[in-house]
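Participant: For reference, the structure I am asking about is given below.
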Amino acid sequence: KNKVPSSYRDQCAHLLNPLNKCRQSEFYLPWKCENERYSYKKCEYELVMMRMLLMLKMRKQHEVKSYSKRKLMLFL
């Protein structure tokens with residue numbers, strides 16, 4: 001239906017189809033479709049920030065676990 005490539009299928013894919021349609025209708029002029037492009041880029045940015053925060057939380061959990069293991073090994 002929308003034929004979104006699999007590499008672009010994420011939580012922001014619903015914004016990509018209107019952006020591509022606008023780009024095609026406006027002959028890919030860079031000053032056209034600014035609202036659609038801004039919405040898509042903002043969604044992508046928020047998605048990256050969410051992934052970074054998730055990774056940071058995972059690293060902290062791993063550090064806490066590894067620290068407690070090292071502490072336990074010292075007392076044995």
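Residue names in the structure tokens use chain letters A, B, ... in the order shown, residue numbers from 1 in each chain, and ligand numbers from 1 in the order shown.
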Name the residues of chain A that come out as helix (DSSP H, G or I) in a backbone DSSP run; write them as a ChimeraX atom specification.
Facilitator: /A:6-8,13-25,34-75
Participant: Show me, as a list in words, the residues that have an atom within 9 Å of Cys12 (chain A) when counting only C-alpha atoms, minus same-chain residues fewer than 3 positions from it.
Facilitator: Tyr8, Arg9, Leu15, Leu16, Tyr40, Lys41, Cys43, Glu44 and Leu47 of chain A
Participant: What gap, in Å, lies between CA of Leu19 (chain A) and CA of Pro5 (chain A)?
Facilitator: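 Separating CA of Leu19 (chain A) from CA of Pro5 (chain A) is a distance of 14.1 Å.
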Participant: Leaving out Arg23 (chain A) and any residue of its chain fewer than 3 positions from it, which residues lie within 12 Å of it when counting only C-alpha atoms, given as a VMD selection string?
Facilitator: chain A and resid 16 to 20 26 to 37
Participant: Rounded to one decimal place, report the CA of Tyr67 (chain A)-CA of Met50 (chain A) distance in Å.
Facilitator: 25.8 Å
Participant: What's the separation between CA of Arg51 (chain A) and CA of Asp10 (chain A), in Å to one decimal place?
Facilitator: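 So the answer is 12.4 Å.
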